[in-house]
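Below: the structure, in structure tokens.
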Amino acid sequence: MGRDKRLLLVDWRGEPVPLWKRQLEVLRELAPAELLVSGLPDLEYPPDAKVVPDVVENGGPLAGILSCLKIAQSKLLLVLAVDLPNMSSTYLRSLVQASTPGSGVVPAIEEDLEPVAAVYPVEAATVALTFLQQGKRSVQAFARQLERNGLVNIQKVASGEMALFQNWNSPEDLASSP
């Protein structure tokens, strides 16, 4: 992308806000027990958001998931990537409701998993650590392994929900956004 995605502006309820603030507001609508932000404490995050640095350097999103799984106070961790500007609290709530202690939910569009808007049981930390120790960083492969281990179920994304998963990975994605 060439710039910090967290700082990209998105229209949130008629006002331009940085993506990171929008995502925290979406999560707050779920009244979580805790708000964890994976990354560096380099922005003025609100006091109710705990910044969690990666325990494995250069591990990509999987390292962030691992770090949050390791300190989560709950049995389940809801993950929401910063670059999903259309994701709704309603959809995320449905993922949480479909989860049970020890078993999370990963959405899928066709055969492609959407592992950065998913619910993981804290038991998934062992798998994440093993992957990272082996030099594997793929969150897709991680989620597939969790499915094989019985730690997540895959939930098909309905056609009317696919727009929730539009992500901003390139300047072209940003330019084509409504």
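The way I read the labels, and the way they are meant: chains A, B, ... in the order of the structure tokens, residue 1 as the first residue of every chain, and ligand 1 as the first ligand shown, with later ones counted on from there.
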
Find the spatial neighbours of Val56 of chain A, counting only C-alpha atoms, within a cut-off of 12 Å - ignore same-chain residues fewer than 3 positions away - and output them as a PDB file with C-alpha atoms, in the first residue's frame.
ATOM      1  CA  SER A  38      -2.155  -5.826  17.983  1.00  0.00           C
ATOM      2  CA  GLY A  39       0.845  -3.688  17.126  1.00  0.00           C
ATOM      3  CA  VAL A  52      -0.270  -5.816  22.470  1.00  0.00           C
ATOM      4  CA  PRO A  53       3.119  -5.940  20.739  1.00  0.00           C
ATOM      5  CA  GLY A  59       5.397 -12.756  11.808  1.00  0.00           C
ATOM      6  CA  GLY A  60       2.704 -10.738  10.048  1.00  0.00           C
ATOM      7  CA  PRO A  61      -0.930 -10.982  11.108  1.00  0.00           C
ATOM      8  CA  LEU A  62      -0.407 -14.441  12.591  1.00  0.00           C
ATOM      9  CA  ALA A  63       2.059 -13.003  15.126  1.00  0.00           C
ATOM     10  CA  GLY A  64      -0.548 -10.424  16.135  1.00  0.00           C
ATOM     11  CA  ILE A  65      -3.192 -13.103  16.549  1.00  0.00           C
ATOM     12  CA  LEU A  66      -0.794 -15.192  18.648  1.00  0.00           C
ATOM     13  CA  SER A  67       0.102 -12.251  20.874  1.00  0.00           C
ATOM     14  CA  CYS A  68      -3.549 -11.471  21.554  1.00  0.00           C
ATOM     15  CA  LYS A  70      -1.713 -15.398  24.729  1.00  0.00           C
ATOM     16  CA  ALA A 128      -0.021 -20.304  15.954  1.00  0.00           C
ATOM     17  CA  LEU A 129       3.242 -20.543  17.901  1.00  0.00           C
ATOM     18  CA  THR A 130       4.177 -23.806  16.184  1.00  0.00           C
ATOM     19  CA  PHE A 131       3.487 -22.273  12.772  1.00  0.00           C
ATOM     20  CA  LEU A 132       5.610 -19.210  13.505  1.00  0.00           C
ATOM     21  CA  GLN A 133       8.453 -21.307  14.943  1.00  0.00           C
ATOM     22  CA  GLN A 134       8.430 -23.265  11.678  1.00  0.00           C
ATOM     23  CA  GLY A 135       8.582 -20.032   9.670  1.00  0.00           C
ATOM     24  CA  LYS A 136       4.976 -20.364   8.490  1.00  0.00           C
ATOM     25  CA  ARG A 137       3.114 -17.049   8.433  1.00  0.00           C
TER      26      ARG A 137
END

DSSP-assigned strand (DSSP E) among segment 38-129 of chain A, expressed as a list in words: Ser38, Ala49, Lys50, Val51, Val52, Leu76, Leu77, Leu78, Val79, Leu80, Gly104, Val105, Val106, Pro107, Ala108, Ile109, Asp112, Leu113, Ala117, Ala118, Val119, Tyr120 and Pro121 of chain A

Create the file for the chosen residues now, containing C-alpha atoms and written as a CSV table (one decimal), in the first residue's frame.
chain,number,residue,atom,x,y,z
A,38,SER,CA,-2.2,-5.8,18.0
A,49,ALA,CA,-7.7,-0.5,24.3
A,50,LYS,CA,-4.7,-2.5,25.4
A,51,VAL,CA,-1.9,-2.4,22.9
A,52,VAL,CA,-0.3,-5.8,22.5
A,76,LEU,CA,-12.5,-16.8,22.6
A,77,LEU,CA,-10.7,-14.0,20.7
A,78,LEU,CA,-12.6,-12.0,18.0
A,79,VAL,CA,-10.1,-10.8,15.4
A,80,LEU,CA,-10.8,-7.9,13.1
A,104,GLY,CA,-14.3,-20.6,17.0
A,105,VAL,CA,-15.6,-19.7,13.6
A,106,VAL,CA,-13.7,-18.6,10.4
A,107,PRO,CA,-15.8,-17.2,7.5
A,108,ALA,CA,-15.2,-18.4,4.0
A,109,ILE,CA,-16.0,-17.0,0.6
A,112,ASP,CA,-11.0,-18.7,0.4
A,113,LEU,CA,-11.0,-18.3,4.2
A,117,ALA,CA,-12.4,-11.4,10.7
A,118,ALA,CA,-12.9,-14.5,12.7
A,119,VAL,CA,-13.2,-16.0,16.2
A,120,TYR,CA,-10.5,-18.2,17.7
A,121,PRO,CA,-10.4,-20.2,20.9

Find the residues of segment 19-131 of chain A that sit at most 9 Å from segment 6-10 of chain A; for each, write down the nearest two atoms and how far apart they are in Å, to one decimal. Count only C-alpha atoms. Sort by chain, then by number going up, and give it as a Markdown table.
| residue | atom | partner | partner_atom | distance |
| --- | --- | --- | --- | --- |
| A:Leu19 | CA | A:Arg6 | CA | 5.2 |
| A:Trp20 | CA | A:Arg6 | CA | 5.0 |
| A:Lys21 | CA | A:Arg6 | CA | 8.3 |
| A:Arg22 | CA | A:Val10 | CA | 7.8 |
| A:Val82 | CA | A:Arg6 | CA | 6.2 |
| A:Asp83 | CA | A:Arg6 | CA | 7.4 |
| A:Pro85 | CA | A:Val10 | CA | 7.0 |

Keeping only C-alpha atoms, write those residues as an mmCIF file, in the first residue's frame.
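Saved as again.cif:
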data_model
loop_
_atom_site.group_PDB
_atom_site.id
_atom_site.type_symbol
_atom_site.label_atom_id
_atom_site.label_comp_id
_atom_site.auth_asym_id
_atom_site.auth_seq_id
_atom_site.Cartn_x
_atom_site.Cartn_y
_atom_site.Cartn_z
ATOM 1 C CA LEU A 19 -9.599 3.041 10.013
ATOM 2 C CA TRP A 20 -8.210 2.101 13.423
ATOM 3 C CA LYS A 21 -10.799 4.280 15.199
ATOM 4 C CA ARG A 22 -13.617 2.907 13.069
ATOM 5 C CA VAL A 82 -7.842 -2.886 10.338
ATOM 6 C CA ASP A 83 -8.187 -3.005 6.543
ATOM 7 C CA PRO A 85 -13.646 -0.897 6.190
#

Atom CA of Ser74 of chain A to atom CA of Ala143 of chain A, distance in Å rounded to a single decimal: 19.4 Å

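In terms of minimum interatomic distance to Ser138 of chain A, A:Val116 ranks closest within A:Leu84, A:Leu35, A:Val116, A:Ile71, counting only C-alpha atoms.
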
Residue neighbourhood Ser103 of chain A, 10 Å, only C-alpha atoms, exclusion window fewer than 6 positions, as a PyMOL selection string: chain A and resi 75-76+119-124+146-147+149-153

Length of the atom CA of Asp54 of chain A to atom CA of Leu69 of chain A vector [Å]: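 Computing it gives 11.0 Å between the two atoms.
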
Pick from A:Met87, A:Val157, A:Leu36, A:Ala125 nearest to Trp12 of chain A, counting only C-alpha atoms: A:Met87

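Between Glu29 of chain A and the residues A:Lys156, A:Arg3, A:Arg148, A:Arg93, the shortest atom-to-atom distance, using only C-alpha atoms, involves A:Arg93.
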